[in-house]
>>> print(open('target_12.txt').read())   # compact mmCIF, C-alpha atoms
# COMPACT_ATOMS: atom_id res chain seq x y z
CA ALA I 827 0.00 0.00 0.00
CA GLU I 828 1.12 3.52 -0.77
CA ARG I 829 2.44 5.43 2.22
CA ARG I 830 1.85 9.18 2.43
CA ALA I 831 2.93 11.96 4.76
CA ARG I 832 -0.64 13.22 4.96
CA PRO I 833 -4.10 11.96 3.96
CA TRP I 834 -5.77 12.80 0.69
CA VAL I 835 -7.98 15.88 0.90
CA VAL I 836 -11.36 15.66 -0.85
CA ALA I 837 -13.50 18.81 -1.02
CA VAL I 838 -17.20 18.09 -1.53
CA VAL I 839 -18.83 21.08 -3.22
CA ASP I 840 -22.61 21.53 -3.36
CA ALA I 841 -22.95 22.36 -7.07
CA PRO I 842 -26.40 24.06 -7.00
CA ALA I 843 -25.51 26.10 -3.89
CA PHE I 844 -22.00 27.10 -4.95
CA PRO I 845 -22.84 30.25 -7.02
CA ALA I 846 -24.73 31.79 -4.09
CA LEU I 847 -22.13 30.73 -1.51
CA TYR I 848 -19.30 32.26 -3.55
CA HIS I 849 -21.02 35.65 -3.57
CA SER I 850 -22.16 35.37 0.04
CA VAL I 851 -21.28 38.13 2.48
CA ASP I 852 -22.37 36.06 5.51
CA VAL I 853 -20.00 35.36 8.36
CA VAL I 854 -19.61 31.81 9.61
CA GLY I 855 -21.52 32.34 12.86
CA GLU I 856 -24.57 33.49 10.89
CA SER I 857 -24.63 30.38 8.70
CA ALA I 858 -25.67 27.45 10.87
CA SER I 859 -25.18 24.92 8.07
CA MET I 860 -21.47 25.77 7.92
CA MET I 861 -20.72 25.45 11.65
CA GLU I 862 -20.21 21.69 11.62
CA ASP I 863 -17.59 22.07 8.89
CA VAL I 864 -15.83 24.76 10.93
CA PHE I 865 -15.58 22.54 14.00
CA GLU I 866 -14.38 19.61 11.86
CA ALA I 867 -11.77 21.79 10.18
CA GLY I 868 -10.47 22.99 13.54
CA GLY I 869 -10.60 19.65 15.29
CA GLY I 870 -7.23 18.40 14.15
CA GLY I 871 -5.17 20.67 16.36
CA GLY I 872 -4.11 22.90 13.45
CA THR I 873 -3.25 26.57 13.71
CA ALA I 874 -5.13 27.94 10.71
CA ALA I 875 -5.81 31.65 10.74
CA PRO I 876 -9.28 32.66 11.94
CA VAL I 877 -11.88 32.52 9.17
CA ASP I 878 -14.94 34.73 9.61
CA ALA I 879 -16.51 34.84 6.15
CA VAL I 880 -18.37 31.87 4.69
CA VAL I 881 -16.69 32.39 1.32
CA GLU I 882 -13.20 32.29 2.92
CA LEU I 883 -13.96 28.94 4.52
CA LEU I 884 -15.25 27.71 1.15
CA VAL I 885 -12.21 28.79 -0.86
CA HIS I 886 -9.74 27.50 1.75
CA GLN I 887 -11.25 24.02 1.44
CA ILE I 888 -11.21 24.15 -2.37
CA GLU I 889 -7.63 25.43 -2.51
CA ALA I 890 -6.37 22.67 -0.19
CA ALA I 891 -8.09 19.79 -2.01
CA ASP I 892 -6.48 16.97 -3.98
CA VAL I 893 -9.89 16.02 -5.40
CA LEU I 894 -12.85 18.34 -6.07
CA LEU I 895 -16.16 16.47 -5.90
CA LEU I 896 -19.10 18.47 -7.30
CA ASN I 897 -22.10 16.90 -5.62
CA LYS I 898 -25.83 17.10 -6.57
CA ALA I 899 -24.98 17.86 -10.19
CA ASP I 900 -28.38 16.45 -11.21
CA ARG I 901 -30.11 19.09 -9.08
CA ALA I 902 -28.15 21.98 -10.57
CA THR I 903 -28.58 23.73 -13.89
CA ALA I 904 -25.95 23.32 -16.58
CA ALA I 905 -24.83 26.90 -15.90
CA GLU I 906 -24.43 26.20 -12.18
CA VAL I 907 -22.35 23.06 -12.79
CA ARG I 908 -20.20 24.89 -15.34
CA ALA I 909 -19.66 27.82 -12.97
CA ALA I 910 -18.78 25.55 -10.03
CA ALA I 911 -16.37 23.45 -12.12
CA ALA I 912 -14.67 26.44 -13.75
CA VAL I 913 -14.25 28.44 -10.54
CA CYS I 914 -13.12 25.48 -8.40
CA SER I 915 -10.55 24.48 -11.02
CA ALA I 916 -9.29 28.05 -11.24
CA LEU I 917 -8.97 28.39 -7.45
CA ASN I 918 -7.09 25.12 -6.93
CA ASP I 919 -3.41 25.27 -7.95
CA ARG I 920 -2.58 21.75 -6.76
CA GLY I 921 -3.68 20.04 -9.97
CA ALA I 922 -6.76 18.63 -8.22
CA ARG I 923 -8.98 16.37 -10.28
CA CYS I 924 -12.58 17.52 -10.59
CA VAL I 925 -15.48 15.06 -10.89
CA THR I 926 -19.25 15.32 -10.46
CA THR I 927 -21.72 13.04 -8.72
CA THR I 928 -25.50 12.95 -8.43
CA PHE I 929 -27.67 13.43 -5.38
CA GLY I 930 -27.79 10.37 -3.11
CA VAL I 931 -24.56 8.78 -4.37
CA ASP I 932 -22.17 7.74 -1.61
CA VAL I 933 -19.33 10.25 -1.63
CA ARG I 934 -16.85 7.36 -1.42
CA GLN I 935 -18.01 6.25 -4.85
CA GLY I 936 -16.99 9.60 -6.25
CA ILE I 937 -13.33 9.03 -5.51
CA VAL I 938 -13.12 5.50 -6.90
CA GLY I 939 -10.92 5.62 -9.97
CA VAL I 940 -9.60 9.06 -9.03
CA LEU I 941 -7.38 8.24 -6.05
CA PRO I 942 -4.93 5.32 -6.08
CA PRO I 943 -6.67 1.99 -5.25
CA ALA I 944 -4.71 1.62 -1.99
CA THR I 945 -6.45 4.75 -0.71
CA TYR I 946 -9.87 3.18 -0.51
CA ALA I 947 -9.24 -0.57 -0.89
CA ASN I 948 -10.13 -1.21 2.76
CA THR I 949 -12.97 1.32 2.93
CA ALA I 950 -16.31 -0.14 3.91
CA GLY I 951 -19.25 0.40 1.60
CA PRO I 952 -19.88 0.13 -2.14
CA THR I 953 -16.98 0.57 -4.53
CA PRO I 954 -18.30 0.74 -8.12
CA PRO I 955 -19.42 4.28 -8.97
CA THR I 956 -23.00 4.58 -10.20
CA LYS I 957 -22.63 7.83 -12.12
CA ILE I 958 -19.47 9.89 -12.40
CA ARG I 959 -18.48 12.20 -15.21
CA ALA I 960 -15.72 14.72 -15.66
CA PRO I 961 -16.92 18.33 -16.01
CA ALA I 962 -16.25 20.25 -19.19
CA PRO I 963 -12.79 21.90 -19.19
CA ALA I 964 -12.60 25.54 -18.14
CA GLN I 965 -11.21 26.38 -21.63
CA GLN I 966 -8.92 29.09 -20.32
CA LEU I 967 -11.75 31.06 -18.75
CA PHE I 968 -9.38 32.39 -16.10
CA HIS I 969 -5.83 33.67 -16.02
CA SER I 970 -3.64 33.99 -12.92
CA PHE I 971 -0.51 35.94 -12.11
CA VAL I 972 1.47 36.97 -9.01
CA TYR I 973 2.25 40.57 -8.24
CA SER I 974 5.46 41.00 -6.25
CA ALA I 975 7.55 43.92 -5.07
CA ARG I 976 10.30 44.59 -2.52
CA ARG I 977 9.17 47.93 -1.11
CA PRO I 978 6.15 48.78 1.06
CA PHE I 979 2.80 50.08 -0.08
CA HIS I 980 1.82 53.58 0.99
CA ALA I 981 -1.12 52.72 3.28
CA GLU I 982 -3.33 55.62 2.18
CA ARG I 983 -2.86 55.01 -1.54
CA LEU I 984 -3.49 51.28 -1.17
CA GLY I 985 -6.57 52.05 0.94
CA ALA I 986 -7.93 54.26 -1.82
CA LEU I 987 -7.42 51.48 -4.37
CA VAL I 988 -9.23 48.94 -2.17
CA ASP I 989 -12.08 51.36 -1.41
CA ALA I 990 -12.64 51.82 -5.15
CA TRP I 991 -12.58 48.06 -5.90
CA PRO I 992 -15.69 47.25 -8.02
CA LEU I 993 -16.95 44.17 -6.17
CA PRO I 994 -19.81 42.23 -7.84
CA ALA I 995 -23.29 43.56 -7.10
CA LYS I 996 -25.25 40.33 -7.61
CA ASP I 997 -25.97 37.81 -4.86
CA VAL I 998 -25.30 34.82 -7.15
CA LEU I 999 -22.15 34.20 -9.16
CA SER I 1000 -22.42 34.13 -12.94
CA LEU I 1001 -19.40 33.64 -15.17
CA THR I 1002 -20.68 36.30 -17.56
CA ASP I 1003 -20.54 38.91 -14.79
CA TYR I 1004 -16.75 38.52 -14.75
CA SER I 1005 -16.16 38.09 -18.47
CA ALA I 1006 -18.77 40.18 -20.31
CA SER I 1007 -18.38 43.91 -20.81
CA PRO I 1008 -20.65 45.82 -18.41
CA ALA I 1009 -23.30 48.26 -19.57
CA ALA I 1010 -22.26 51.87 -19.99
CA GLY I 1011 -22.50 53.89 -16.81
CA VAL I 1012 -22.02 50.94 -14.44
CA ALA I 1013 -19.81 51.93 -11.51
CA GLY I 1014 -16.29 50.51 -11.87
CA ALA I 1015 -16.91 49.37 -15.44
CA ALA I 1016 -13.51 50.62 -16.58
CA SER I 1017 -11.55 49.12 -13.68
CA PRO I 1018 -9.30 46.18 -14.53
CA LEU I 1019 -10.07 44.79 -11.05
CA ARG I 1020 -13.69 44.13 -12.07
CA ARG I 1021 -12.69 40.82 -13.68
CA ILE I 1022 -10.83 39.50 -10.63
CA LEU I 1023 -12.46 36.39 -9.19
CA ARG I 1024 -10.00 35.79 -6.34
CA SER I 1025 -6.92 37.47 -4.93
CA LYS I 1026 -4.87 36.57 -1.88
CA GLY I 1027 -1.44 37.05 -0.44
CA VAL I 1028 0.74 39.01 1.93
CA VAL I 1029 1.23 42.77 1.98
CA TRP I 1030 3.95 45.06 3.37
CA LEU I 1031 2.57 48.42 4.50
CA ASP I 1032 4.63 51.47 5.42
CA THR I 1033 2.57 51.65 8.63
CA HIS I 1034 3.40 48.06 9.65
CA HIS I 1035 7.14 47.43 9.79
CA GLU I 1036 6.96 44.46 12.17
CA GLN I 1037 3.72 42.79 11.09
CA ARG I 1038 2.73 41.30 7.78
CA VAL I 1039 -0.75 42.15 6.51
CA GLY I 1040 -2.95 39.46 5.00
CA TRP I 1041 -4.86 40.13 1.77
CA SER I 1042 -7.87 37.93 0.98
CA HIS I 1043 -10.58 38.64 -1.59
CA ALA I 1044 -13.19 36.29 -3.05
CA GLY I 1045 -16.46 37.19 -4.71
CA ARG I 1046 -17.95 40.13 -2.79
CA HIS I 1047 -15.71 39.69 0.25
CA PHE I 1048 -12.46 41.59 0.85
CA ARG I 1049 -10.23 41.41 3.94
CA LEU I 1050 -7.01 43.31 4.61
CA ALA I 1051 -5.86 42.69 8.18
CA PRO I 1052 -2.61 42.50 10.23
CA GLU I 1053 -1.33 38.98 10.90
CA GLN I 1054 1.78 37.62 12.64
CA CYS I 1055 5.22 39.19 12.56
CA TRP I 1056 7.55 38.99 9.59
CA TRP I 1057 10.02 36.13 9.98
CA ALA I 1058 12.89 38.61 9.66
CA VAL I 1059 11.98 39.97 13.10
CA LEU I 1060 12.84 36.68 14.81
CA PRO I 1061 16.27 35.17 15.50
CA ASP I 1062 17.06 32.34 13.08
CA ASP I 1063 16.98 29.66 15.78
CA ALA I 1064 13.50 30.80 16.85
CA MET I 1065 12.33 30.61 13.25
CA ARG I 1066 13.69 27.05 12.96
CA ALA I 1067 11.95 26.04 16.18
CA LEU I 1068 8.59 27.34 14.98
CA LEU I 1069 8.81 25.89 11.47
CA THR I 1070 8.93 22.11 11.82
CA GLY I 1071 7.75 19.58 9.27
CA SER I 1072 7.73 19.90 5.49
CA GLY I 1073 5.44 21.19 2.77
CA ARG I 1074 4.99 21.07 -0.98
CA ARG I 1075 5.83 23.95 -3.26
CA ARG I 1076 2.94 25.81 -4.89
CA GLY I 1077 1.47 23.92 -7.81
CA GLY I 1078 2.67 20.48 -6.72
CA SER I 1079 -0.09 17.92 -7.07
CA VAL I 1080 0.00 14.91 -4.78
CA LEU I 1081 -1.92 12.95 -7.41
CA ASP I 1082 0.86 13.04 -9.99
CA GLY I 1083 3.87 13.15 -7.70
CA GLY I 1084 4.01 16.94 -7.68
CA ALA I 1085 7.00 19.04 -6.74
CA PRO I 1086 9.45 17.76 -4.14
CA GLU I 1087 8.78 18.71 -0.54
CA LEU I 1088 10.98 21.10 1.41
CA SER I 1089 11.08 21.82 5.11
CA TYR I 1090 8.77 24.66 6.15
CA TYR I 1091 11.88 26.52 7.30
CA ASP I 1092 13.49 26.25 3.85
CA LEU I 1093 10.25 27.26 2.15
CA GLU I 1094 10.01 30.42 4.23
CA ARG I 1095 13.72 31.18 3.85
CA GLN I 1096 13.12 31.37 0.10
CA SER I 1097 11.09 34.52 0.73
CA PHE I 1098 14.25 36.22 2.03
CA ILE I 1099 15.82 35.97 -1.43
CA ASP I 1100 15.36 38.89 -3.81
CA THR I 1101 16.12 37.62 -7.30
CA ASP I 1102 15.86 41.16 -8.68
CA GLU I 1103 18.87 42.32 -6.65
CA CYS I 1104 21.34 39.81 -8.03
CA ILE I 1105 21.41 38.20 -11.46
CA PHE I 1106 23.26 35.15 -10.13
CA GLY I 1107 20.52 33.34 -8.22
CA GLY I 1108 19.44 36.18 -5.97
CA MET I 1109 20.65 37.46 -2.65
CA GLU I 1110 19.05 38.05 0.73
CA CYS I 1111 16.96 41.20 0.82
CA ARG I 1112 18.08 43.66 3.49
CA PHE I 1113 14.46 43.78 4.69
CA GLY I 1114 14.27 40.01 5.09
CA ASP I 1115 10.97 38.47 4.01
CA ARG I 1116 9.11 41.80 3.88
CA ARG I 1117 7.52 41.98 0.47
CA GLN I 1118 4.37 42.25 -1.63
CA GLU I 1119 3.19 38.87 -2.91
CA ILE I 1120 -0.42 38.76 -4.17
CA LEU I 1121 -1.97 36.12 -6.40
CA PHE I 1122 -4.67 37.34 -8.79
CA ILE I 1123 -7.12 35.02 -10.59
CA GLY I 1124 -9.36 36.76 -13.10
CA ALA I 1125 -11.48 36.25 -16.17
CA ALA I 1126 -9.24 36.02 -19.21
CA ARG I 1127 -9.54 38.56 -22.00
CA ASP I 1128 -7.38 37.68 -25.00
CA GLY I 1129 -5.72 35.10 -22.74
CA ARG I 1130 -4.87 37.60 -20.01
CA ALA I 1131 -6.65 39.15 -17.01
CA ASP I 1132 -5.81 42.84 -17.50
CA GLU I 1133 -2.51 42.01 -15.82
CA GLY I 1134 -0.59 45.02 -17.02
CA ALA I 1135 -3.23 47.52 -15.90
CA ILE I 1136 -3.49 45.90 -12.45
CA ARG I 1137 0.29 45.90 -12.01
CA ARG I 1138 0.43 49.61 -12.88
CA ARG I 1139 -2.26 50.44 -10.31
CA LEU I 1140 -0.43 48.52 -7.60
CA ASP I 1141 2.93 50.02 -8.58
CA ALA I 1142 1.38 53.46 -8.06
CA CYS I 1143 0.61 52.46 -4.45
CA LEU I 1144 4.26 51.65 -3.64
CA VAL I 1145 6.23 54.23 -1.69
CA THR I 1146 8.39 56.56 -3.75
CA ASP I 1147 12.16 56.79 -3.28
CA ALA I 1148 11.70 59.80 -0.98
CA GLU I 1149 8.99 58.01 0.99
CA MET I 1150 11.26 54.96 1.31
CA VAL I 1151 13.94 57.14 2.92
CA ASP I 1152 11.32 58.44 5.36
CA TYR I 1153 10.24 54.87 6.07
CA GLU I 1154 13.78 53.76 6.89
CA ASN I 1155 14.38 56.78 9.10
CA ARG I 1156 11.11 56.19 10.93
CA TRP I 1157 11.58 52.46 11.53
CA GLY I 1158 15.37 52.22 11.81
CA GLY I 1159 16.35 50.35 14.96
CA ALA I 1160 12.72 49.59 15.75
CA GLU I 1161 13.08 45.79 15.89
CA PRO I 1162 11.65 44.58 19.22
CA SER I 1163 13.36 42.21 21.58
CA MET I 1164 12.60 38.50 21.52
CA SER I 1165 10.95 38.74 24.94
CA ALA I 1166 8.62 41.42 23.60
CA TRP I 1167 7.57 39.20 20.68
CA LEU I 1168 6.94 36.23 22.95
CA SER I 1169 4.36 38.30 24.82
CA SER I 1170 2.63 39.39 21.59
CA GLU I 1171 -0.57 37.75 20.39
CA TYR I 1172 0.51 37.36 16.76
CA LEU I 1173 3.65 35.44 17.71
CA ARG I 1174 1.79 33.21 20.15
CA ARG I 1175 -0.64 32.39 17.36
CA VAL I 1176 2.19 31.12 15.15
CA SER I 1177 3.87 29.08 17.89
CA LEU I 1178 0.78 27.27 19.21
>>> encode(input="target_12.txt", output="C-alpha cells")
Amino acid sequence: AERRARPWVVAVVDAPAFPALYHSVDVVGESASMMEDVFEAGGGGGTAAPVDAVVELLVHQIEAADVLLLNKADRATAAEVRAAAAVCSALNDRGARCVTTTFGVDVRQGIVGVLPPATYANTAGPTPPTKIRAPAPAQQLFHSFVYSARRPFHAERLGALVDAWPLPAKDVLSLTDYSASPAAGVAGAASPLRRILRSKGVVWLDTHHEQRVGWSHAGRHFRLAPEQCWWAVLPDDAMRALLTGSGRRRGGSVLDGGAPELSYYDLERQSFIDTDECIFGGMECRFGDRRQEILFIGAARDGRADEGAIRRRLDACLVTDAEMVDYENRWGGAEPSMSAWLSSEYLRRVSL
C-alpha cells in the first residue's frame, strides 16, 4: 500500500448552492449549516488563521483539495455546474482532479478511480461508482498571475485602491458577470479589477514594519488585516523552532507526484531571497521576508486578465524613493526584543 505523509484531501462542493455561496457576504456564525464544517476543520489541532466569512472557509477548502467532488450535479442547472467546475478548477493550484456526482450517491463512490486503489481498498461500503463524469474543461476562462515587489505600499494610496474596488453587485455568481463587458454607466466598469475572481497574499505596509498584513478577496468579500510578525523579526533559531515539518511547493499535485517537498523553514527562507537584486541566483533582501506577494485570478480577455493595468495600479501604491527614505528613518532600529515578541498575540498564534 502507498504510504503518504498526509491523507488525501477531498473537497465536496454543493454544485447548486456554490454560485450563491461564492457571492455570500455572511459570516460563519450566521450560517448554521457551515458550523459543523468549521468545527471539523479545527478539530485536528491545526493553527489555521481565523476565518470569519463563509466564502473564505469555502475557498480555503477548495484550494487545499487533492480532489474536487461536485455533488448534486443532477439538481443543478448546466450553468451552475459549469460555474462551479470552472471556478473550483481556477482556485485550486494543486492540480486537483474535478469530478461530479449525483444526489444520493455515496461520496466514497466519487473518488473510486480518481485516487490510487490503496487509498480506498479497505474502505467499507460500495466501490463501483454509479454515475461519475468529468466536467467540461474551463477552456482558459481564467488567467492567474502573481504581483510581487520589494518595497512597502503607501497605506493611504493602497486604501484608496481597495475602497474603489468594483466588487460584484449580484448575490449569485455568474461567469458572464466577470467576463462580459458591463453596460455603460455601471460603476467601476472601466476598472481592470472588475474581472478578478480571487486574490490573496501578503502585503507590506509602510505603517506596519513588524507585522505582515494578510490580503484575501473572493467574490464580494475583501479582507485586509494584520497577521503575525515577519520572519525577519525573529532570531534564526527561533524561526527554525517554529517551522517544523515539510510542505509542498505551490502547484505540486500529490496525485501526480508533484513538486518535491521542502522543510517549512526552507520554504520560508526562500522569501528572504530577492532575485531582482542579483542576477546570479538572488541574494538576501536587506528587509528580510518583507515583500508584496499577491496572487490574482481573473477572467481572461485575450488570454490575459488585464494584468498590465493591475500591475500599474499597484505600482502606483508603492512608496516613492523619498517616501522609502522616510520609512527607513522612521523604523530604523525599531526591531523589538525577543521577549517582547513572545508576549505578543501574533507570535503566540504562530507558535501554538
>>> atom_distance(input="target_12.txt", atom1="CA of Phe1122 in chain I", atom2="CA of Gly985 in chain I")
17.7 Å
>>> residues_around(input="target_12.txt", residues="range 837-845 of chain I", least_positions_apart="3", cutoff="9 Å", atoms="all atoms listed in the file", output="JSON, numbers by chain")
{"I": [848, 849, 850, 884, 887, 888, 889, 890, 891, 892, 893, 894, 895, 896, 897, 898, 899, 900, 901, 902, 903, 906, 907, 909, 910, 911, 914, 926, 933, 997, 998, 999, 1000]}
>>> atom_distance(input="target_12.txt", atom1="CA of Gly1045 in chain I", atom2="CA of Pro994 in chain I")
6.8 Å
>>> atom_distance(input="target_12.txt", atom1="CA of Ala995 in chain I", atom2="CA of Ile1123 in chain I")
18.6 Å
>>> closest_residue(input="target_12.txt", among="I:Arg1021, I:Arg1112, I:Arg1156, I:Arg1066", to="Ala1135 in chain I", atoms="all atoms listed in the file")
I:Arg1021
>>> closest_residue(input="target_12.txt", among="I:Ala904, I:Ile1022, I:Ala975, I:Ala1051", to="Ala1142 in chain I", atoms="all atoms listed in the file")
I:Ala975
>>> closest_residue(input="target_12.txt", among="I:Ser1017, I:Val835, I:Gln1118, I:Asp878", to="Asp1141 in chain I", atoms="only C-alpha atoms")
I:Gln1118
>>> residues_around(input="target_12.txt", residues="Ala879 in chain I", least_positions_apart="6", cutoff="8 Å", atoms="only C-alpha atoms", output="ChimeraX atom specification")
/I:851-854,1047
>>> closest_residue(input="target_12.txt", among="I:Val836, I:Ile1136, I:Ala846, I:Leu1088", to="Arg1046 in chain I", atoms="only C-alpha atoms")
I:Ala846
>>> residues_around(input="target_12.txt", residues="Phe1098 in chain I", least_positions_apart="6", cutoff="12 Å", atoms="all atoms listed in the file", output="list in words")
Arg976, Trp1056, Trp1057, Ala1058, Val1059, Tyr1091, Asp1092, Gly1108, Met1109, Glu1110, Cys1111, Arg1112, Phe1113, Gly1114, Asp1115, Arg1116 and Arg1117 of chain I
